[in-house]
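Written out below as structure tokens is the structure these notes cover.
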Amino acid sequence: MERTLTRYIRALRSAGAGVSTTEAMDAARTVEVVGWEDRGVLKTALGTVLAKSVEEKAIHEQLFELYFSREAAANAAAEGQPGEGGEPDAGRPGGGEAEPQAGASEGSEGGEGGDPVEALSALARGENPGQLAMALERAGAAAGVDEIRFATQSGYFVRKMMEQMGVEALEARLMEALSRRNAEGEAEAEALMGTRSALQKQARAFVEARFEIYGRSAQDAFMNEILAERSFGALGRSDTERMRALVERMAKRLAVRHARRRKVKDRGRLDVRRTLRANAGHDGVPFDIIWKIKRKDRPKIVAVCDVSGSVAQYVRFL
């Protein structure tokens, strides 16, 4: 359970939520009180202690749905031991003690001495969804899928997961079947290719779910950093939406900074005469403080508009 909560907090931090150590400790105590059984209560409780702003609330809402499921909450309540018929969610973190060849060991009907290719075939057929989910989680943990940072890494991690699940034995059997050059070998090869394709599809879905949890925000931050350093002339149409989000973020920071500065300036200097006059009924005790404020007229704005195509990129930014 501790690992489940710790990795969820890590996902929040990766997505841009500033979860402090104190808040993480509060979350652990909160989970001890509310438990893992009621998914709605758990979501509300974690949102209360981990999200401090509207933006962080939105991050929590999105990540919670990706990270948890009813099965994951039930499994966490059972000390992380999934039931025989349960199907953990793809977003539920796997244990760090994953064993290589997870698919072969978990899916084999005959135990450790069973055929690893037949075990993978059973997993691909979906005969036991719980076993398939456990095999994917163990293979993902062994392959380090949680470290994904870019969508282009998906293929690499899918292959690593397939290797951890024992696909090399299946591919060796596939090559042997193709080498026979007869109808029986072709039929077996076709079945093996179907098994590999089904497992690859499941592994890709697992990797994509992990990317949405751990990698999406890191990729966006990297792309924003590159975009912020790019010249206006090099901006393309695909950069418009990302640039708009960057400008909005910059505007918020400028607005907050201006508001703080204006709040200090608006106080001005103490107006002693008006303060004493206003507090004459209080024996001169200054209950109501009056400040000298210099009022400035609104500035007149002159707009110069250039509608030529050479400044189109600058117009989008402004």
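Residues in the structure tokens are named by chain (A, B, ... in the order shown) and by number from 1 within that chain; ligands are numbered from 1 in the order shown.
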Open item on the list: Using DSSP secondary structure from the backbone, list all helix (DSSP H, G or I) positions within segment 97-254 of chain A, as an NGL selection string.
Closed with: :A and (102-107 or 111-113 or 116-125 or 129-143 or 145-147 or 151-164 or 167-180 or 183-229 or 232-234 or 237-254)
Could you write those residues out with C-alpha atoms, as a CSV table (one decimal), in the first residue's frame?
chain,number,residue,atom,x,y,z
A,102,ALA,CA,7.0,-13.3,-15.7
A,103,GLY,CA,4.6,-14.4,-18.5
A,104,ALA,CA,6.0,-17.9,-18.6
A,105,SER,CA,6.2,-18.4,-14.9
A,106,GLU,CA,2.8,-17.0,-14.1
A,107,GLY,CA,0.8,-18.3,-17.0
A,111,GLY,CA,4.1,-24.9,-13.0
A,112,GLU,CA,7.8,-24.2,-13.5
A,113,GLY,CA,8.3,-27.2,-15.7
A,116,PRO,CA,6.9,-21.3,-21.8
A,117,VAL,CA,5.4,-21.0,-25.3
A,118,GLU,CA,2.2,-22.6,-24.2
A,119,ALA,CA,2.1,-20.3,-21.2
A,120,LEU,CA,2.4,-17.3,-23.4
A,121,SER,CA,-0.3,-18.6,-25.7
A,122,ALA,CA,-2.6,-19.0,-22.7
A,123,LEU,CA,-1.9,-15.4,-21.6
A,124,ALA,CA,-2.6,-14.2,-25.2
A,125,ARG,CA,-5.9,-16.1,-25.3
A,129,PRO,CA,-7.1,-11.9,-17.1
A,130,GLY,CA,-5.7,-11.6,-13.6
A,131,GLN,CA,-2.6,-13.7,-14.5
A,132,LEU,CA,-2.1,-11.5,-17.7
A,133,ALA,CA,-2.3,-8.3,-15.7
A,134,MET,CA,0.2,-9.6,-13.1
A,135,ALA,CA,2.5,-10.7,-15.9
A,136,LEU,CA,2.4,-7.3,-17.5
A,137,GLU,CA,3.0,-5.5,-14.3
A,138,ARG,CA,6.0,-7.7,-13.4
A,139,ALA,CA,7.4,-7.4,-16.9
A,140,GLY,CA,6.9,-3.6,-16.9
A,141,ALA,CA,8.6,-3.2,-13.5
A,142,ALA,CA,11.5,-5.3,-14.7
A,143,ALA,CA,11.8,-3.3,-17.9
A,145,VAL,CA,8.6,1.3,-17.8
A,146,ASP,CA,7.9,3.8,-15.1
A,147,GLU,CA,11.0,5.7,-16.3
A,151,ALA,CA,6.2,8.8,-26.5
A,152,THR,CA,8.9,7.7,-28.9
A,153,GLN,CA,10.3,5.4,-26.2
A,154,SER,CA,7.2,3.2,-26.4
A,155,GLY,CA,8.6,0.8,-28.9
A,156,TYR,CA,11.7,0.2,-26.8
A,157,PHE,CA,9.8,-0.5,-23.6
A,158,VAL,CA,7.3,-2.7,-25.4
A,159,ARG,CA,10.2,-4.9,-26.7
A,160,LYS,CA,11.8,-5.0,-23.2
A,161,MET,CA,8.5,-6.1,-21.7
A,162,MET,CA,8.1,-8.8,-24.3
A,163,GLU,CA,11.6,-10.1,-23.6
A,164,GLN,CA,10.9,-10.2,-19.9
A,167,VAL,CA,9.0,-13.9,-26.2
A,168,GLU,CA,12.4,-15.1,-27.3
A,169,ALA,CA,11.4,-18.7,-26.8
A,170,LEU,CA,8.2,-18.0,-28.8
A,171,GLU,CA,10.2,-16.4,-31.6
A,172,ALA,CA,12.6,-19.3,-31.7
A,173,ARG,CA,9.6,-21.7,-32.1
A,174,LEU,CA,8.3,-19.5,-34.8
A,175,MET,CA,11.5,-19.6,-36.8
A,176,GLU,CA,11.6,-23.3,-36.4
A,177,ALA,CA,8.0,-23.7,-37.7
A,178,LEU,CA,8.8,-21.4,-40.7
A,179,SER,CA,11.9,-23.5,-41.6
A,180,ARG,CA,9.8,-26.6,-42.1
A,183,ALA,CA,1.4,-26.7,-44.3
A,184,GLU,CA,1.7,-27.8,-40.7
A,185,GLY,CA,4.6,-25.5,-40.1
A,186,GLU,CA,2.8,-22.6,-41.7
A,187,ALA,CA,-0.3,-23.2,-39.6
A,188,GLU,CA,1.8,-23.3,-36.4
A,189,ALA,CA,3.8,-20.2,-37.4
A,190,GLU,CA,0.5,-18.3,-38.1
A,191,ALA,CA,-0.8,-19.2,-34.6
A,192,LEU,CA,2.5,-18.1,-33.0
A,193,MET,CA,2.5,-14.8,-34.8
A,194,GLY,CA,-1.0,-14.3,-33.6
A,195,THR,CA,0.1,-15.0,-30.0
A,196,ARG,CA,3.0,-12.6,-30.3
A,197,SER,CA,0.8,-9.9,-31.9
A,198,ALA,CA,-1.8,-10.2,-29.1
A,199,LEU,CA,0.9,-10.0,-26.3
A,200,GLN,CA,2.5,-7.0,-28.1
A,201,LYS,CA,-0.8,-5.2,-28.2
A,202,GLN,CA,-1.3,-5.8,-24.5
A,203,ALA,CA,2.2,-4.6,-23.7
A,204,ARG,CA,1.8,-1.5,-25.8
A,205,ALA,CA,-1.4,-0.6,-24.0
A,206,PHE,CA,0.4,-1.0,-20.7
A,207,VAL,CA,3.3,1.2,-21.8
A,208,GLU,CA,0.9,3.9,-23.1
A,209,ALA,CA,-0.9,3.9,-19.8
A,210,ARG,CA,2.4,4.3,-17.9
A,211,PHE,CA,3.4,7.1,-20.3
A,212,GLU,CA,0.2,9.0,-19.6
A,213,ILE,CA,0.9,8.8,-15.8
A,214,TYR,CA,4.7,9.3,-15.7
A,215,GLY,CA,5.9,10.6,-19.1
A,216,ARG,CA,3.3,12.9,-20.6
A,217,SER,CA,4.1,15.9,-18.3
A,218,ALA,CA,7.9,15.4,-18.7
A,219,GLN,CA,7.5,15.4,-22.5
A,220,ASP,CA,5.3,18.5,-22.4
A,221,ALA,CA,7.8,20.3,-20.1
A,222,PHE,CA,10.7,19.4,-22.5
A,223,MET,CA,8.7,20.6,-25.5
A,224,ASN,CA,7.7,23.8,-23.8
A,225,GLU,CA,11.4,24.5,-22.9
A,226,ILE,CA,12.4,24.0,-26.5
A,227,LEU,CA,9.5,26.2,-27.8
A,228,ALA,CA,10.4,29.0,-25.4
A,229,GLU,CA,13.9,29.2,-26.9
A,232,PHE,CA,9.4,33.5,-34.0
A,233,GLY,CA,10.3,32.7,-37.5
A,234,ALA,CA,10.8,29.1,-36.8
A,237,ARG,CA,1.2,26.1,-37.0
A,238,SER,CA,1.5,23.0,-34.8
A,239,ASP,CA,3.2,25.2,-32.2
A,240,THR,CA,0.3,27.7,-31.9
A,241,GLU,CA,-1.6,25.8,-29.2
A,242,ARG,CA,1.5,25.1,-27.1
A,243,MET,CA,2.6,28.7,-27.4
A,244,ARG,CA,-0.8,29.9,-26.3
A,245,ALA,CA,-0.5,27.8,-23.1
A,246,LEU,CA,2.9,29.2,-22.5
A,247,VAL,CA,1.8,32.8,-23.0
A,248,GLU,CA,-1.2,32.2,-20.6
A,249,ARG,CA,1.3,30.9,-18.0
A,250,MET,CA,3.5,33.9,-18.4
A,251,ALA,CA,0.5,36.2,-18.2
A,252,LYS,CA,-0.5,34.7,-14.9
A,253,ARG,CA,3.0,35.1,-13.4
A,254,LEU,CA,3.1,38.7,-14.6
TODO: Please provide as a PyMOL selection string all residues within 7 Å of Val49 of chain A, with the sequence filter that same-chain residues fewer than 4 positions apart are discarded (counting only C-alpha atoms).
DONE: chain A and resi 23+26-27+45
Store the residues of this selection in a file with C-alpha atoms, as an mmCIF file, in the first residue's frame.
data_model
loop_
_atom_site.group_PDB
_atom_site.id
_atom_site.type_symbol
_atom_site.label_atom_id
_atom_site.label_comp_id
_atom_site.auth_asym_id
_atom_site.auth_seq_id
_atom_site.Cartn_x
_atom_site.Cartn_y
_atom_site.Cartn_z
ATOM 1 C CA GLU A 23 1.589 16.682 2.457
ATOM 2 C CA ASP A 26 -0.687 13.746 5.598
ATOM 3 C CA ALA A 27 -1.843 11.644 2.654
ATOM 4 C CA ALA A 45 -9.608 12.593 0.573
#
Open item on the list: Considering only C-alpha atoms, can you say which of A:Val31, A:Leu12, A:Thr6, A:Asp38 comes closest to Glu61 of chain A?
Closed with: A:Leu12
Task: Minimum-distance residue to Glu32 of chain A, chosen among A:Val304, A:Ala17, A:Val54, A:Leu5 (using only C-alpha atoms) - done: A:Leu5
